[in-house]
Amino acid sequence: MTEIPREEYILKCTSACAGCGDSLSLRYVLKAAGPDTVLVVPACCTSVIQGIYPNTAFNVPVYNVAFAAAAACASGMSAALRAAGKKTNVIAYAGDGGTVDIGIQALSGAFERGADFLYICYDNEAYGNTGMQRSGATPLGARTTTTPAGKMQPKKDLDAIVAAHRPPYMATACPAYPKDLFQKVKKALSYRGPTFIHILSPCPPGWRFSTEKTVEMGKLAVRTGMWILYEREQGKVTINGPSKAAMVKPLPVGEYIRAQGRFKGISAETVARMVDDAAALARRLQKEEEGIC
Amino acid sequence: MKLRRRLAISRPTTGACGKTGSWRVFRPRIDREKCNACGMCAMYCPDAAISEDLEIDYDFCKGCGICANECPKSAITMEREEK
């Protein structure tokens with residue numbers, strides 16, 4: 001197993017909320033990427049937590065761009081770096097709003113052009129830094145400030161959209177499994193061409209759970225089957241260990257739902273629909289892994 | 001270089017957001033008798049405020065309590081800060 005380096009590329013301390021899942025993910029992303037890395041950050045929590053000008057807590061170059069432009073900017077940046085003969089890693093690090101809703105055309109364009117960069121979407125399932133408004137990635141039944149009675153629509157299947165672009169590597173990850181996340185970032189950066197990692201990032205203020213439960217919530221999401229850890233290398237799907245175990249013997253979904261205030265008062269039918277959707281995704285991935293479809 | 005000076009560039013600094021330890025309501029305390037130095041607390045700390053020798057940097061620890069929650073030996077307790 002790859003040893004995780006001790007160097008930290010996030011200096012103490014960002015202004016992220018206590019128990020932030022994004023901050024934890026970014027720690028391991030940068031550990032995997034190393035010092036020769038440029039981050040491209042659209043408007044999202046990560047652009048807010050860097051610190052106050054003229055200081056920043058991030059010890060790698062960061063380029064803050066407009067909400068819709070992360071992938072476009074990263075593809076241009078990687079083209080310029082490659083033309084100069086540099087192997088610098090270009091990572092677009094965007095939230096779910098900047099990926100699923102606002103940044104999706106730039107993402108699609110950059111993936112179609114085959115630009116050489118890694119796009120990471122850390123998904124806290126709402127617009128976190130503006131006060132938890134609903135996004136396309138908000139799951140069915142979740143309360144946000146703009147869906148006070150629970151969202152009526154299911155979560156957009158971003159991974160299927162990205163998979164349709166046939167990138168050489170894409171994966172899902174969760175900061176509750178940092179070694180897995182670390183290895184996936186390493187692997188993604190070893191490929192030439194556009195690569196994609198979708199990270200589920202539990203958000204204590206947005207999901208309404210207490211700050212010490214971030215990692216617990218990430219593990220619960222995987223163990224109940226609400227989040228599936230898998231990777232797709234050159235089209236070949238591999239479901240990772242924790243999710244494989246969860247498919248054989250899942251924890252009851254209620255443990256994940258009841259632990260979060262955003263699902264307060266959710267109806268039994270909505271929960272059943274969420275479970276069905278998750279099971280359908282699991283079945284589809286299992287079939288793809290076996291090479292049936 | 002002249003152009004660079006005119007651009008709005010932030011420089012990496014420790015404490016770029018001030019001493020975030022002042023946010024803390026509960027202070028984690030490690031019981032060295034129970035600790036088996038597995039390093040889970042340092043691995044899961046979102047702000048890397050726990051060093052390799054498992055010393056907590058109280059200047060920056062925000063007191064989220066993930067370390068206490070994830071400690072397999074329950075060696076970390078959260079104590080209310082005295083003000």
# chains A, B, ... in the order shown; residues from 1 in each chain; ligands from 1
>>> residues_around(residues="range 256-259 of chain A", least_positions_apart="2", cutoff="12 Å", atoms="only C-alpha atoms", output="ChimeraX atom specification")
/A:139-143,202,204,207-210,213-214,216-227,250-254,261-268,270-272,274-275
>>> residues_around(residues="Gly103 in chain A", least_positions_apart="5", cutoff="7 Å", atoms="only C-alpha atoms", output="PyMOL selection string")
chain A and resi 67-70+98
>>> interface_residues(of="chain A", to="chain B", cutoff="8 Å", atoms="only C-alpha atoms", output="MDAnalysis selection string")
chainID A and resid 8 10:15 18:21 23:25 27 50:59 176 178 211:216
>>> atom_distance(atom1="CA of Asp96 in chain A", atom2="CA of Lys249 in chain A")
29.3 Å
>>> select_by_dssp(residues="range 8-71 of chain B", states="strand (DSSP E or B)", output="ChimeraX atom specification")
/B:11-12,26-30,50,56
>>> select_by_dssp(residues="range 71-130 of chain A", states="helix (DSSP H, G or I)", output="PyMOL selection string")
chain A and resi 71-83+97-101+104-113
>>> atom_distance(atom1="CA of Ala94 in chain A", atom2="CA of Thr145 in chain A")
21.2 Å
>>> atom_distance(atom1="CA of Ala163 in chain A", atom2="CA of Cys44 in chain A")
23.7 Å
>>> closest_residue(among="B:Arg80, B:Ile50, B:Lys73, B:Glu55", to="Asn36 in chain B", atoms="only C-alpha atoms")
B:Lys73
>>> closest_residue(among="B:Ser22, B:Leu7, B:Pro28, B:Met40", to="Cys71 in chain B", atoms="only C-alpha atoms")
B:Met40
>>> decode(residues="range 12-40 of chain B", atoms="N, CA and C atoms", output="mmCIF file, in the first residue's frame")
data_model
loop_
_atom_site.group_PDB
_atom_site.id
_atom_site.type_symbol
_atom_site.label_atom_id
_atom_site.label_comp_id
_atom_site.auth_asym_id
_atom_site.auth_seq_id
_atom_site.Cartn_x
_atom_site.Cartn_y
_atom_site.Cartn_z
ATOM 1 N N PRO B 12 1.237 32.098 0.929
ATOM 2 C CA PRO B 12 0.951 31.112 1.975
ATOM 3 C C PRO B 12 1.506 31.555 3.324
ATOM 4 N N THR B 13 0.666 31.554 4.322
ATOM 5 C CA THR B 13 1.063 31.981 5.663
ATOM 6 C C THR B 13 0.368 31.075 6.679
ATOM 7 N N THR B 14 1.055 30.746 7.741
ATOM 8 C CA THR B 14 0.371 30.053 8.830
ATOM 9 C C THR B 14 -0.516 31.073 9.544
ATOM 10 N N GLY B 15 -1.695 30.647 9.888
ATOM 11 C CA GLY B 15 -2.613 31.566 10.563
ATOM 12 C C GLY B 15 -3.241 32.572 9.619
ATOM 13 N N ALA B 16 -3.473 32.150 8.366
ATOM 14 C CA ALA B 16 -4.061 33.069 7.385
ATOM 15 C C ALA B 16 -5.484 33.467 7.771
ATOM 16 N N CYS B 17 -6.113 32.674 8.581
ATOM 17 C CA CYS B 17 -7.488 32.992 9.023
ATOM 18 C C CYS B 17 -7.510 33.317 10.512
ATOM 19 N N GLY B 18 -6.389 33.718 11.045
ATOM 20 C CA GLY B 18 -6.324 33.991 12.478
ATOM 21 C C GLY B 18 -6.181 32.713 13.272
ATOM 22 N N LYS B 19 -6.158 32.853 14.578
ATOM 23 C CA LYS B 19 -6.027 31.665 15.429
ATOM 24 C C LYS B 19 -7.402 31.045 15.609
ATOM 25 N N THR B 20 -7.661 29.991 14.821
ATOM 26 C CA THR B 20 -9.003 29.402 14.819
ATOM 27 C C THR B 20 -9.303 28.636 16.110
ATOM 28 N N GLY B 21 -8.282 28.501 16.966
ATOM 29 C CA GLY B 21 -8.519 27.840 18.255
ATOM 30 C C GLY B 21 -9.516 28.582 19.122
ATOM 31 N N SER B 22 -9.707 29.875 18.808
ATOM 32 C CA SER B 22 -10.652 30.665 19.611
ATOM 33 C C SER B 22 -12.107 30.281 19.326
ATOM 34 N N TRP B 23 -12.349 29.480 18.255
ATOM 35 C CA TRP B 23 -13.704 29.043 17.936
ATOM 36 C C TRP B 23 -14.168 27.936 18.871
ATOM 37 N N ARG B 24 -13.192 27.327 19.549
ATOM 38 C CA ARG B 24 -13.453 26.053 20.227
ATOM 39 C C ARG B 24 -14.398 26.197 21.415
ATOM 40 N N VAL B 25 -15.357 25.296 21.502
ATOM 41 C CA VAL B 25 -16.223 25.230 22.678
ATOM 42 C C VAL B 25 -15.788 24.067 23.557
ATOM 43 N N PHE B 26 -15.414 22.961 22.899
ATOM 44 C CA PHE B 26 -14.923 21.801 23.636
ATOM 45 C C PHE B 26 -13.473 21.529 23.254
ATOM 46 N N ARG B 27 -12.667 21.225 24.256
ATOM 47 C CA ARG B 27 -11.238 21.016 24.032
ATOM 48 C C ARG B 27 -10.924 19.515 24.096
ATOM 49 N N PRO B 28 -10.299 18.965 23.043
ATOM 50 C CA PRO B 28 -9.943 17.549 23.120
ATOM 51 C C PRO B 28 -8.731 17.334 24.034
ATOM 52 N N ARG B 29 -8.785 16.304 24.859
ATOM 53 C CA ARG B 29 -7.652 15.999 25.727
ATOM 54 C C ARG B 29 -7.321 14.519 25.553
ATOM 55 N N ILE B 30 -6.036 14.239 25.274
ATOM 56 C CA ILE B 30 -5.634 12.846 25.028
ATOM 57 C C ILE B 30 -5.189 12.213 26.345
ATOM 58 N N ASP B 31 -5.756 11.067 26.663
ATOM 59 C CA ASP B 31 -5.330 10.279 27.820
ATOM 60 C C ASP B 31 -4.204 9.352 27.366
ATOM 61 N N ARG B 32 -2.962 9.692 27.753
ATOM 62 C CA ARG B 32 -1.787 8.954 27.257
ATOM 63 C C ARG B 32 -1.756 7.504 27.751
ATOM 64 N N GLU B 33 -2.437 7.245 28.854
ATOM 65 C CA GLU B 33 -2.500 5.871 29.378
ATOM 66 C C GLU B 33 -3.258 4.965 28.408
ATOM 67 N N LYS B 34 -4.376 5.505 27.861
ATOM 68 C CA LYS B 34 -5.207 4.694 26.975
ATOM 69 C C LYS B 34 -4.714 4.699 25.529
ATOM 70 N N CYS B 35 -4.021 5.771 25.136
ATOM 71 C CA CYS B 35 -3.609 5.950 23.731
ATOM 72 C C CYS B 35 -2.634 4.869 23.301
ATOM 73 N N ASN B 36 -2.900 4.245 22.137
ATOM 74 C CA ASN B 36 -1.941 3.268 21.613
ATOM 75 C C ASN B 36 -1.240 3.799 20.364
ATOM 76 N N ALA B 37 -1.319 5.118 20.157
ATOM 77 C CA ALA B 37 -0.603 5.810 19.075
ATOM 78 C C ALA B 37 -0.923 5.244 17.694
ATOM 79 N N CYS B 38 -2.171 4.908 17.441
ATOM 80 C CA CYS B 38 -2.543 4.383 16.112
ATOM 81 C C CYS B 38 -2.556 5.484 15.056
ATOM 82 N N GLY B 39 -2.779 6.730 15.486
ATOM 83 C CA GLY B 39 -2.718 7.847 14.540
ATOM 84 C C GLY B 39 -4.020 8.134 13.808
ATOM 85 N N MET B 40 -5.106 7.478 14.203
ATOM 86 C CA MET B 40 -6.395 7.732 13.562
ATOM 87 C C MET B 40 -6.824 9.187 13.728
#
